[in-house]
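Engineer: Below is the file upload-v1.cif, with mmCIF, C-alpha atoms and all ligand atoms.
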```cif
data_entry
#
loop_
_atom_site.label_atom_id
_atom_site.label_comp_id
_atom_site.auth_asym_id
_atom_site.auth_seq_id
_atom_site.Cartn_x
_atom_site.Cartn_y
_atom_site.Cartn_z
CA MET Q 1 -4.71 38.55 5.77
CA SER Q 2 -1.84 36.88 3.93
CA VAL Q 3 -0.79 33.29 4.56
CA LYS Q 4 2.85 32.96 5.61
CA LEU Q 5 5.13 30.49 3.91
CA SER Q 6 7.59 28.96 6.37
CA VAL Q 7 10.25 26.87 4.63
CA ASN Q 8 11.34 23.74 6.50
CA ILE Q 9 15.08 23.32 5.89
CA ASN Q 10 15.53 19.88 7.50
CA LYS Q 11 16.13 18.26 4.08
CA ILE Q 12 19.07 20.61 3.46
CA ALA Q 13 20.67 19.29 6.65
CA THR Q 14 19.95 15.69 5.58
CA LEU Q 15 21.87 16.31 2.36
CA ARG Q 16 24.74 17.94 4.23
CA ASN Q 17 24.90 15.12 6.78
CA SER Q 18 25.13 12.48 4.06
CA ARG Q 19 28.69 13.60 3.29
CA GLY Q 20 29.89 14.87 6.63
CA GLY Q 21 31.17 18.33 5.62
CA ASN Q 22 29.28 21.60 5.44
CA ASN Q 23 27.85 21.46 1.94
CA PRO Q 24 25.15 22.61 1.52
CA ASN Q 25 25.53 25.18 4.27
CA VAL Q 26 22.23 25.23 6.18
CA LEU Q 27 22.85 28.68 7.63
CA GLN Q 28 23.38 30.13 4.18
CA VAL Q 29 20.28 28.35 2.91
CA ALA Q 30 18.24 29.84 5.78
CA VAL Q 31 19.52 33.32 4.89
CA ASP Q 32 18.79 32.75 1.20
CA CYS Q 33 15.28 31.33 1.73
CA GLN Q 34 14.41 34.56 3.52
CA ARG Q 35 16.04 36.63 0.76
CA PHE Q 36 14.06 34.67 -1.85
CA GLY Q 37 10.75 35.44 -0.17
CA ALA Q 38 10.10 32.93 2.61
CA ASP Q 39 8.12 34.45 5.49
CA GLY Q 40 9.71 32.10 7.97
CA ILE Q 41 12.11 29.24 8.56
CA THR Q 42 11.08 25.96 10.19
CA VAL Q 43 13.37 23.35 11.73
CA HIS Q 44 12.47 20.04 13.32
CA PRO Q 45 15.33 18.71 15.42
CA ARG Q 46 15.00 15.08 16.46
CA PRO Q 47 16.94 13.34 19.23
CA ASP Q 48 19.10 11.33 16.81
CA GLU Q 49 20.02 14.57 14.97
CA ARG Q 50 19.76 12.75 11.65
CA HIS Q 51 18.84 15.97 9.88
CA ILE Q 52 18.88 19.38 11.60
CA ARG Q 53 21.11 19.29 14.69
CA TYR Q 54 20.56 21.03 17.99
CA ALA Q 55 23.71 23.09 17.35
CA ASP Q 56 22.33 24.14 13.92
CA VAL Q 57 19.20 25.48 15.60
CA ARG Q 58 21.31 27.62 17.95
CA ASP Q 59 23.40 28.89 15.03
CA ILE Q 60 20.41 29.67 12.81
CA ALA Q 61 18.40 31.58 15.44
CA PRO Q 62 20.42 34.82 15.33
CA ILE Q 63 20.28 35.12 11.53
CA ILE Q 64 16.50 34.82 11.31
CA THR Q 65 14.93 38.11 10.24
CA THR Q 66 11.50 36.59 9.53
CA GLU Q 67 9.70 34.07 11.78
CA PHE Q 68 11.51 31.13 13.33
CA ASN Q 69 9.43 28.02 14.00
CA ILE Q 70 10.88 25.05 15.91
CA GLU Q 71 8.94 21.79 15.77
CA GLY Q 72 9.42 18.85 18.07
CA ASN Q 73 8.31 16.66 20.91
CA PRO Q 74 8.44 18.43 24.29
CA ARG Q 75 8.82 15.05 26.03
CA GLU Q 76 12.50 15.40 25.13
CA ASP Q 77 14.08 17.58 27.85
CA LYS Q 78 16.78 18.59 25.41
CA PHE Q 79 14.14 19.96 23.05
CA VAL Q 80 12.50 22.06 25.77
CA GLU Q 81 15.89 23.42 26.86
CA LEU Q 82 16.78 24.28 23.28
CA VAL Q 83 13.52 26.13 22.61
CA LEU Q 84 13.68 28.10 25.86
CA ASP Q 85 17.27 29.01 25.12
CA VAL Q 86 16.72 30.04 21.50
CA LYS Q 87 13.30 31.70 22.01
CA PRO Q 88 11.90 31.32 18.49
CA THR Q 89 8.78 33.09 17.29
CA GLN Q 90 6.85 29.85 17.56
CA VAL Q 91 7.19 26.34 18.91
CA THR Q 92 5.10 23.62 17.28
CA LEU Q 93 4.51 20.67 19.58
CA VAL Q 94 4.53 17.37 17.69
CA PRO Q 95 3.94 13.95 19.32
CA ASP Q 96 6.37 11.92 17.23
CA ASP Q 97 8.57 9.13 18.59
CA PRO Q 98 12.37 9.53 18.53
CA GLY Q 99 13.07 7.25 15.54
CA GLN Q 100 9.96 8.10 13.52
CA LEU Q 101 10.61 8.70 9.80
CA THR Q 102 8.36 11.77 9.78
CA SER Q 103 5.40 13.05 11.80
CA ASN Q 104 2.40 10.83 11.13
CA HIS Q 105 -0.31 11.90 13.59
CA GLY Q 106 -1.44 14.79 15.73
CA TRP Q 107 -1.90 14.99 19.50
CA ASP Q 108 -4.79 13.43 21.31
CA THR Q 109 -5.66 16.76 22.90
CA ILE Q 110 -8.39 15.18 25.01
CA LYS Q 111 -6.22 12.54 26.67
CA GLU Q 112 -3.14 14.77 26.84
CA LYS Q 113 -4.91 17.96 27.86
CA ASN Q 114 -3.17 18.45 31.20
CA TYR Q 115 0.26 17.67 29.81
CA LEU Q 116 -0.19 20.00 26.83
CA ARG Q 117 -1.54 22.73 29.09
CA SER Q 118 1.54 22.54 31.29
CA MET Q 119 3.89 22.67 28.27
CA ALA Q 120 1.98 25.49 26.58
CA GLU Q 121 2.33 27.46 29.79
CA VAL Q 122 6.09 26.91 29.95
CA PHE Q 123 6.61 28.23 26.42
CA ARG Q 124 4.05 31.03 26.57
CA ASN Q 125 5.58 32.29 29.81
CA ALA Q 126 8.84 32.59 27.86
CA GLY Q 127 7.09 34.75 25.23
CA ILE Q 128 7.02 31.99 22.60
CA ARG Q 129 3.89 31.44 20.51
CA VAL Q 130 2.63 27.87 20.82
CA SER Q 131 1.09 25.72 18.09
CA ILE Q 132 -0.15 22.16 18.60
CA PHE Q 133 -0.07 19.64 15.76
CA THR Q 134 -3.50 18.03 15.36
CA ASP Q 135 -5.47 15.85 13.01
CA PRO Q 136 -8.43 17.62 11.35
CA VAL Q 137 -10.95 16.30 13.86
CA GLU Q 138 -13.50 18.70 15.31
CA ARG Q 139 -13.41 17.49 18.94
CA ILE Q 140 -9.60 17.32 18.91
CA VAL Q 141 -9.31 20.90 17.67
CA ALA Q 142 -11.97 22.06 20.15
CA ALA Q 143 -10.10 20.38 23.03
CA ALA Q 144 -6.85 22.07 21.94
CA ALA Q 145 -8.41 25.37 23.01
CA ASP Q 146 -8.43 24.10 26.62
CA THR Q 147 -4.65 23.69 26.60
CA GLY Q 148 -3.98 27.42 26.31
CA THR Q 149 -2.21 27.03 22.96
CA ASP Q 150 -2.22 30.01 20.60
CA ARG Q 151 -2.66 28.00 17.43
CA VAL Q 152 -3.15 24.53 16.02
CA GLU Q 153 -1.30 23.14 13.01
CA LEU Q 154 -3.54 20.86 10.96
CA TYR Q 155 -1.77 17.71 9.76
CA THR Q 156 -2.40 17.79 6.00
CA GLU Q 157 -1.09 14.36 4.91
CA ASP Q 158 -4.61 12.98 4.49
CA TYR Q 159 -5.67 15.98 2.39
CA ALA Q 160 -2.57 15.63 0.19
CA ARG Q 161 -3.06 11.88 -0.26
CA HIS Q 162 -6.65 12.25 -1.45
CA TYR Q 163 -6.35 15.56 -3.31
CA ALA Q 164 -5.89 14.10 -6.79
CA GLN Q 165 -8.85 11.69 -6.46
CA ASP Q 166 -11.44 14.06 -4.99
CA ARG Q 167 -10.26 17.38 -3.62
CA GLU Q 168 -13.66 18.51 -2.37
CA HIS Q 169 -13.94 15.41 -0.25
CA ALA Q 170 -10.27 15.64 0.77
CA ILE Q 171 -10.65 19.13 2.19
CA ALA Q 172 -14.04 18.78 3.89
CA ALA Q 173 -12.75 17.79 7.34
CA TYR Q 174 -10.16 20.58 7.22
CA VAL Q 175 -12.81 23.23 6.61
CA VAL Q 176 -14.74 22.05 9.65
CA ALA Q 177 -11.53 21.92 11.70
CA ALA Q 178 -10.66 25.47 10.62
CA GLN Q 179 -14.12 26.72 11.56
CA THR Q 180 -13.80 24.98 14.92
CA ALA Q 181 -10.43 26.61 15.54
CA ALA Q 182 -11.86 30.04 14.72
CA ALA Q 183 -14.91 29.47 16.95
CA HIS Q 184 -12.55 28.72 19.85
CA GLY Q 185 -10.28 31.69 19.19
CA LEU Q 186 -7.36 29.59 17.97
CA GLY Q 187 -4.96 30.65 15.21
CA LEU Q 188 -4.42 28.25 12.34
CA ASN Q 189 -1.37 26.72 10.68
CA ALA Q 190 -1.11 23.71 8.40
CA GLY Q 191 1.56 21.41 7.09
CA HIS Q 192 2.80 18.07 5.83
CA ASP Q 193 2.85 16.93 2.22
CA LEU Q 194 1.67 20.26 0.89
CA ASP Q 195 3.07 20.84 -2.59
CA ARG Q 196 2.80 23.10 -5.63
CA ASP Q 197 -0.29 21.25 -6.88
CA ASN Q 198 -2.37 20.98 -3.74
CA LEU Q 199 -1.36 24.21 -1.93
CA GLY Q 200 -3.48 26.73 -3.84
CA TYR Q 201 -6.73 24.82 -3.40
CA PHE Q 202 -6.04 24.32 0.29
CA ALA Q 203 -5.27 27.98 0.90
CA THR Q 204 -8.35 29.04 -1.10
CA HIS Q 205 -10.73 26.90 0.90
CA ILE Q 206 -9.45 27.03 4.46
CA PRO Q 207 -10.82 30.03 6.35
CA GLY Q 208 -8.43 31.83 8.67
CA LEU Q 209 -5.28 30.02 7.52
CA GLN Q 210 -2.25 31.94 8.82
CA GLU Q 211 0.81 29.87 8.00
CA VAL Q 212 1.92 26.79 6.09
CA SER Q 213 5.24 25.06 6.68
CA ILE Q 214 6.60 23.12 3.76
CA GLY Q 215 9.80 21.12 3.41
CA HIS Q 216 9.99 17.95 1.37
CA ALA Q 217 8.14 18.93 -1.83
CA LEU Q 218 9.58 22.44 -1.92
CA ILE Q 219 13.17 21.26 -1.61
CA ALA Q 220 12.53 18.53 -4.21
CA ASP Q 221 11.08 21.14 -6.61
CA ALA Q 222 14.14 23.32 -6.02
CA LEU Q 223 16.29 20.62 -7.69
CA TYR Q 224 14.50 21.38 -10.95
CA TYR Q 225 13.53 25.04 -10.62
CA GLY Q 226 16.11 26.45 -8.23
CA LEU Q 227 15.40 27.63 -4.72
CA GLU Q 228 14.51 31.22 -5.57
CA ASN Q 229 12.04 30.29 -8.34
CA THR Q 230 10.52 27.56 -6.24
CA ILE Q 231 9.89 29.80 -3.24
CA GLN Q 232 8.29 32.34 -5.58
CA MET Q 233 6.09 29.60 -7.11
CA TYR Q 234 4.86 28.56 -3.68
CA ARG Q 235 4.24 32.18 -2.77
CA ARG Q 236 2.19 32.61 -5.92
CA ALA Q 237 0.10 29.58 -5.00
CA LEU Q 238 -0.67 31.31 -1.69
CA HIS Q 239 -1.34 34.68 -3.29
CA GLN Q 240 -3.75 33.09 -5.71
CA PHE Q 241 -5.60 32.31 -2.48
CA MET Q 242 -5.82 35.96 -1.54
CA SER Q 243 -7.10 37.13 -4.91
CA ASN Q 244 -9.68 34.31 -5.07
CA ARG Q 245 -11.16 35.09 -1.68
N1 LIG Z 301 4.65 20.09 9.98
C1 LIG Z 301 5.17 19.16 10.78
C2 LIG Z 301 4.70 19.09 12.19
C3 LIG Z 301 6.17 18.28 10.33
O1 LIG Z 301 6.68 17.36 11.15
C4 LIG Z 301 6.63 18.40 9.01
C5 LIG Z 301 7.72 17.51 8.50
O2 LIG Z 301 8.87 17.69 9.27
C6 LIG Z 301 6.04 19.41 8.18
C7 LIG Z 301 5.05 20.22 8.70
C8 LIG Z 301 6.48 19.60 6.76
O3 LIG Z 301 6.12 18.49 6.00
P1 LIG Z 301 6.72 18.31 4.54
O4 LIG Z 301 8.18 18.08 4.69
O5 LIG Z 301 5.98 17.13 4.00
O6 LIG Z 301 6.41 19.58 3.77
#
```
Output the structure of this file as structure tokens.
Ligand code: PXP

Structural biologist:
Amino acid sequence: MSVKLSVNINKIATLRNSRGGNNPNVLQVAVDCQRFGADGITVHPRPDERHIRYADVRDIAPIITTEFNIEGNPREDKFVELVLDVKPTQVTLVPDDPGQLTSNHGWDTIKEKNYLRSMAEVFRNAGIRVSIFTDPVERIVAAAADTGTDRVELYTEDYARHYAQDREHAIAAYVVAAQTAAAHGLGLNAGHDLDRDNLGYFATHIPGLQEVSIGHALIADALYYGLENTIQMYRRALHQFMSNR
């Protein structure tokens, strides 16, 4: 089973927004990422629209020929409306606050079980695959299974932060979380702070990994290597996973 690379294009919108016009053109970048080998496109609209805008998401949806993943907090009614309207392949539910710089924690699936169950039902009834962003904590991943979600996305910031010091230690909790997800019949995604250095080891050691979504590091690498080369480099890091298994 190959691991899908979903490219998060929020940073492209941030660059565009810094000057007001339409350069770079996020729609064109979405088309090109797919042409260059991305298996999916991810967007994370936030209420202040400081990077990808709600209107961008509506414009991008029809040109997606791979998988479209929309991340966000379902507590925003506008987000729920958008997702139900656009009907992406997947919605990833993230518990971030409106002004938060970037996602920095997963759901408390134990405390929020009833809420998450009701939201998972709304999206699944619309034919949209649901993924819930979680920390790599066994009981949190196990409780996610009670919400009716299809998948969990493991928050990989902690792995990335400790990778250089001690990668075996850094990945240990993620292996257990992945095994827990599999034991409960949940699919598995991962994301946040994955990069060209830490991606291959992660993909090699995480059983059942189906998809990674990567934005910041990939777009930063593209400044040096170009978008096409960079996407191919990240794909190779994932394919190294397949041949090492
Ligand atoms: N997954 C989630 C839920 C996120 O919020 C983000 C950042 O928007 C990512 C993955 C991608 O993280 P990064 O930009 O560090 O690759």

Engineer: Counting all atoms listed in the file, what are the residues, protein, DNA or RNA alike, that approach ligand LIG 301 (chain Z) to within 8 Å? I want them as an MDAnalysis selection string.

Structural biologist: chainID Q and resid 8 10:11 43:44 71:72 92:94 102:104 133 153 155 157 190:195 212:218

Engineer: For each of Q:Gly106, Q:Pro24, Q:Pro45, Q:Pro136, take the minimum atom-to-atom distance to Ile12 of chain Q, counting only C-alpha atoms, then give the residue where this is smallest.

Structural biologist: Q:Pro24

Engineer: Rounded to one decimal, what separation in Å do you get between atom CA of Gln90 of chain Q and atom CA of Asn69 of chain Q?

Structural biologist: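 The value is 4.8 Å.
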
Engineer: Check the smallest atom-to-atom distance from each of Q:Arg46, Q:Arg117, Q:Lys87, Q:Arg151 to Ile132 of chain Q using all atoms listed in the file, then report the winner.

Structural biologist: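 The answer is Q:Arg151, which sits nearest to Ile132 of chain Q.
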
Engineer: So the first atom is atom CA of Tyr115 of chain Q and the second is atom CA of Ala177 of chain Q; what is the distance between them in Å, to one decimal place?

Structural biologist: 22.0 Å

Engineer: In terms of the shortest atom-to-atom distance over all atoms listed in the file, which of Q:His205, Q:His162, Q:His239, Q:Arg53 is closest to Ala13 of chain Q?

Structural biologist: Q:Arg53

Engineer: Give me, as a VMD selection string, all polymer residues having an atom no more than 12 Å from Arg235 of chain Q, counting only C-alpha atoms and skipping those fewer than 3 positions away in the same chain.

Structural biologist: chain Q and resid 2 to 7 33 36 to 39 195 to 196 199 to 200 203 211 to 214 218 228 to 232 238 to 242

Engineer: Could you name the residues that touch Ile128 of chain Q at 10 Å or less, counting all atoms listed in the file, but leaving out those on the same chain fewer than 6 positions away, as a PyMOL selection string?

Structural biologist: chain Q and resi 69+83-84+86-91+120-122+150

Engineer: Can I get the selected residues back with C-alpha atoms, as a tab-separated table (two decimals), in the coordinates of the input?

Structural biologist:
```
chain	number	residue	atom	x	y	z
Q	69	ASN	CA	9.43	28.02	14.00
Q	83	VAL	CA	13.52	26.13	22.61
Q	84	LEU	CA	13.68	28.10	25.86
Q	86	VAL	CA	16.72	30.04	21.50
Q	87	LYS	CA	13.30	31.70	22.01
Q	88	PRO	CA	11.90	31.32	18.49
Q	89	THR	CA	8.78	33.09	17.29
Q	90	GLN	CA	6.85	29.85	17.56
Q	91	VAL	CA	7.19	26.34	18.91
Q	120	ALA	CA	1.98	25.49	26.58
Q	121	GLU	CA	2.33	27.46	29.79
Q	122	VAL	CA	6.09	26.91	29.95
Q	150	ASP	CA	-2.22	30.01	20.60
```

Engineer: With only C-alpha atoms as the counted atoms, please give the residues lying no more than 12 Å from Asn23 of chain Q, apart from itself and same-chain residues fewer than 6 positions off, as a list in words.

Structural biologist: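 Answer for this query is Ile12, Ala13, Thr14, Leu15, Arg16, Asn17 and Val29 of chain Q.
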
Engineer: Determine, counting all atoms listed in the file, which protein, DNA and RNA residues have an atom within 12 Å of an atom of Glu168 of chain Q; residues of the same chain fewer than 2 positions away are not included. Present the result as JSON, numbers by chain.

Structural biologist: {"Q": [159, 160, 162, 163, 164, 165, 166, 170, 171, 172, 173, 174, 175, 198, 201, 202, 204, 205, 206]}

Engineer: Please, what distance in Å, to one decimal, runs between atom CA of His105 of chain Q and atom CA of Thr134 of chain Q?

Structural biologist: 7.1 Å

Engineer: Taking all atoms listed in the file into account, which of Q:Ser118, Q:Arg161, Q:Arg35, Q:Asp108 comes nearest Asp135 of chain Q?

Structural biologist: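 Looking at the shortest contact to Asp135 of chain Q, the residue is Q:Asp108.
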
Engineer: Determine the axis-aligned bounding box of all atoms of segment 223-227 of chain Q present in the file, pad each side by 3 Å, and express its centre and edge lengths in Å to one decimal place as lines of an AutoDock Vina configuration file.

Structural biologist:
```
center_x = 14.9
center_y = 24.1
center_z = -7.8
size_x = 8.8
size_y = 13.0
size_z = 12.2
```

Engineer: Have a look at Q:Arg19, Q:Gly40, Q:Asp85, Q:Tyr224 and name the one nearest to Gly127 of chain Q; count only C-alpha atoms.

Structural biologist: Q:Asp85

Engineer: Near segment 62-64 of chain Q, within 8 Å and counting all atoms listed in the file, which residues show up once chain neighbours fewer than 6 positions away are dropped, as a CSV table (one decimal) with C-alpha atoms, in the frame of the given file?

Structural biologist:
```csv
chain,number,residue,atom,x,y,z
Q,27,LEU,CA,22.8,28.7,7.6
Q,30,ALA,CA,18.2,29.8,5.8
Q,31,VAL,CA,19.5,33.3,4.9
Q,41,ILE,CA,12.1,29.2,8.6
```

Engineer: Between Q:Ala183, Q:Glu112, Q:Asp158, Q:Val130, which is the closest to Ala142 of chain Q once you count only C-alpha atoms?

Structural biologist: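 Closest to Ala142 of chain Q of all the choices is Q:Ala183.
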
Engineer: Starting from the sparse input, extend segment 229-240 of chain Q to all heavy atoms and give the output as an mmCIF file, keeping the file's coordinate frame.

Structural biologist:
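File written: part_2.cif
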```cif
data_model
loop_
_atom_site.group_PDB
_atom_site.id
_atom_site.type_symbol
_atom_site.label_atom_id
_atom_site.label_comp_id
_atom_site.auth_asym_id
_atom_site.auth_seq_id
_atom_site.Cartn_x
_atom_site.Cartn_y
_atom_site.Cartn_z
ATOM 1 N N ASN Q 229 13.257 30.469 -7.527
ATOM 2 C CA ASN Q 229 12.040 30.290 -8.340
ATOM 3 C C ASN Q 229 11.002 29.495 -7.580
ATOM 4 O O ASN Q 229 9.805 29.803 -7.620
ATOM 5 C CB ASN Q 229 12.354 29.488 -9.610
ATOM 6 C CG ASN Q 229 12.880 30.373 -10.696
ATOM 7 O OD1 ASN Q 229 12.564 31.556 -10.736
ATOM 8 N ND2 ASN Q 229 13.686 29.808 -11.575
ATOM 9 N N THR Q 230 11.457 28.455 -6.919
ATOM 10 C CA THR Q 230 10.520 27.560 -6.240
ATOM 11 C C THR Q 230 9.793 28.302 -5.117
ATOM 12 O O THR Q 230 8.564 28.188 -4.980
ATOM 13 C CB THR Q 230 11.272 26.334 -5.681
ATOM 14 O OG1 THR Q 230 11.942 25.692 -6.762
ATOM 15 C CG2 THR Q 230 10.324 25.353 -5.029
ATOM 16 N N ILE Q 231 10.544 29.053 -4.326
ATOM 17 C CA ILE Q 231 9.890 29.800 -3.240
ATOM 18 C C ILE Q 231 8.878 30.789 -3.829
ATOM 19 O O ILE Q 231 7.752 30.928 -3.332
ATOM 20 C CB ILE Q 231 10.943 30.502 -2.352
ATOM 21 C CG1 ILE Q 231 11.685 29.443 -1.531
ATOM 22 C CG2 ILE Q 231 10.302 31.546 -1.442
ATOM 23 C CD1 ILE Q 231 12.838 29.955 -0.705
ATOM 24 N N GLN Q 232 9.224 31.411 -4.938
ATOM 25 C CA GLN Q 232 8.290 32.340 -5.580
ATOM 26 C C GLN Q 232 7.043 31.610 -6.104
ATOM 27 O O GLN Q 232 5.933 32.123 -6.023
ATOM 28 C CB GLN Q 232 8.989 33.105 -6.709
ATOM 29 C CG GLN Q 232 9.986 34.146 -6.200
ATOM 30 C CD GLN Q 232 9.335 35.211 -5.322
ATOM 31 O OE1 GLN Q 232 8.246 35.698 -5.622
ATOM 32 N NE2 GLN Q 232 9.979 35.554 -4.220
ATOM 33 N N MET Q 233 7.244 30.392 -6.624
ATOM 34 C CA MET Q 233 6.090 29.600 -7.110
ATOM 35 C C MET Q 233 5.134 29.280 -5.961
ATOM 36 O O MET Q 233 3.913 29.367 -6.098
ATOM 37 C CB MET Q 233 6.570 28.281 -7.715
ATOM 38 C CG MET Q 233 7.202 28.400 -9.076
ATOM 39 S SD MET Q 233 7.900 26.779 -9.491
ATOM 40 C CE MET Q 233 8.417 27.057 -11.145
ATOM 41 N N TYR Q 234 5.701 28.894 -4.836
ATOM 42 C CA TYR Q 234 4.860 28.560 -3.680
ATOM 43 C C TYR Q 234 4.163 29.817 -3.154
ATOM 44 O O TYR Q 234 3.014 29.774 -2.734
ATOM 45 C CB TYR Q 234 5.686 27.872 -2.577
ATOM 46 C CG TYR Q 234 5.880 26.392 -2.837
ATOM 47 C CD1 TYR Q 234 6.753 25.932 -3.818
ATOM 48 C CD2 TYR Q 234 5.172 25.437 -2.111
ATOM 49 C CE1 TYR Q 234 6.923 24.570 -4.062
ATOM 50 C CE2 TYR Q 234 5.333 24.074 -2.348
ATOM 51 C CZ TYR Q 234 6.206 23.649 -3.321
ATOM 52 O OH TYR Q 234 6.364 22.305 -3.561
ATOM 53 N N ARG Q 235 4.870 30.926 -3.203
ATOM 54 C CA ARG Q 235 4.240 32.180 -2.770
ATOM 55 C C ARG Q 235 3.071 32.532 -3.693
ATOM 56 O O ARG Q 235 2.025 32.976 -3.247
ATOM 57 C CB ARG Q 235 5.256 33.328 -2.783
ATOM 58 C CG ARG Q 235 6.135 33.348 -1.534
ATOM 59 C CD ARG Q 235 7.144 34.469 -1.616
ATOM 60 N NE ARG Q 235 6.480 35.763 -1.723
ATOM 61 C CZ ARG Q 235 6.139 36.514 -0.690
ATOM 62 N NH1 ARG Q 235 6.415 36.104 0.531
ATOM 63 N NH2 ARG Q 235 5.560 37.669 -0.862
ATOM 64 N N ARG Q 236 3.278 32.319 -4.976
ATOM 65 C CA ARG Q 236 2.190 32.610 -5.920
ATOM 66 C C ARG Q 236 0.975 31.726 -5.651
ATOM 67 O O ARG Q 236 -0.162 32.175 -5.743
ATOM 68 C CB ARG Q 236 2.671 32.438 -7.371
ATOM 69 C CG ARG Q 236 3.414 33.671 -7.890
ATOM 70 C CD ARG Q 236 3.459 33.706 -9.405
ATOM 71 N NE ARG Q 236 4.284 32.648 -9.959
ATOM 72 C CZ ARG Q 236 5.619 32.703 -10.041
ATOM 73 N NH1 ARG Q 236 6.273 33.758 -9.593
ATOM 74 N NH2 ARG Q 236 6.297 31.702 -10.567
ATOM 75 N N ALA Q 237 1.226 30.481 -5.319
ATOM 76 C CA ALA Q 237 0.100 29.580 -5.000
ATOM 77 C C ALA Q 237 -0.686 30.133 -3.813
ATOM 78 O O ALA Q 237 -1.915 30.052 -3.773
ATOM 79 C CB ALA Q 237 0.619 28.180 -4.694
ATOM 80 N N LEU Q 238 0.020 30.735 -2.853
ATOM 81 C CA LEU Q 238 -0.670 31.310 -1.690
ATOM 82 C C LEU Q 238 -1.350 32.626 -2.049
ATOM 83 O O LEU Q 238 -2.416 32.944 -1.522
ATOM 84 C CB LEU Q 238 0.320 31.533 -0.543
ATOM 85 C CG LEU Q 238 0.798 30.271 0.160
ATOM 86 C CD1 LEU Q 238 1.923 30.597 1.123
ATOM 87 C CD2 LEU Q 238 -0.355 29.591 0.898
ATOM 88 N N HIS Q 239 -0.750 33.385 -2.929
ATOM 89 C CA HIS Q 239 -1.340 34.680 -3.290
ATOM 90 C C HIS Q 239 -2.572 34.510 -4.153
ATOM 91 O O HIS Q 239 -3.507 35.299 -4.071
ATOM 92 C CB HIS Q 239 -0.307 35.582 -3.973
ATOM 93 C CG HIS Q 239 0.686 36.092 -2.974
ATOM 94 N ND1 HIS Q 239 1.952 36.485 -3.309
ATOM 95 C CD2 HIS Q 239 0.605 36.227 -1.644
ATOM 96 C CE1 HIS Q 239 2.592 36.846 -2.210
ATOM 97 N NE2 HIS Q 239 1.787 36.699 -1.186
ATOM 98 N N GLN Q 240 -2.566 33.439 -4.934
ATOM 99 C CA GLN Q 240 -3.750 33.090 -5.710
ATOM 100 C C GLN Q 240 -4.927 32.954 -4.732
ATOM 101 O O GLN Q 240 -6.038 33.362 -4.996
ATOM 102 C CB GLN Q 240 -3.457 31.768 -6.419
ATOM 103 C CG GLN Q 240 -4.613 31.019 -6.995
ATOM 104 C CD GLN Q 240 -4.169 29.554 -7.261
ATOM 105 O OE1 GLN Q 240 -2.991 29.259 -7.463
ATOM 106 N NE2 GLN Q 240 -5.114 28.655 -7.234
#
```
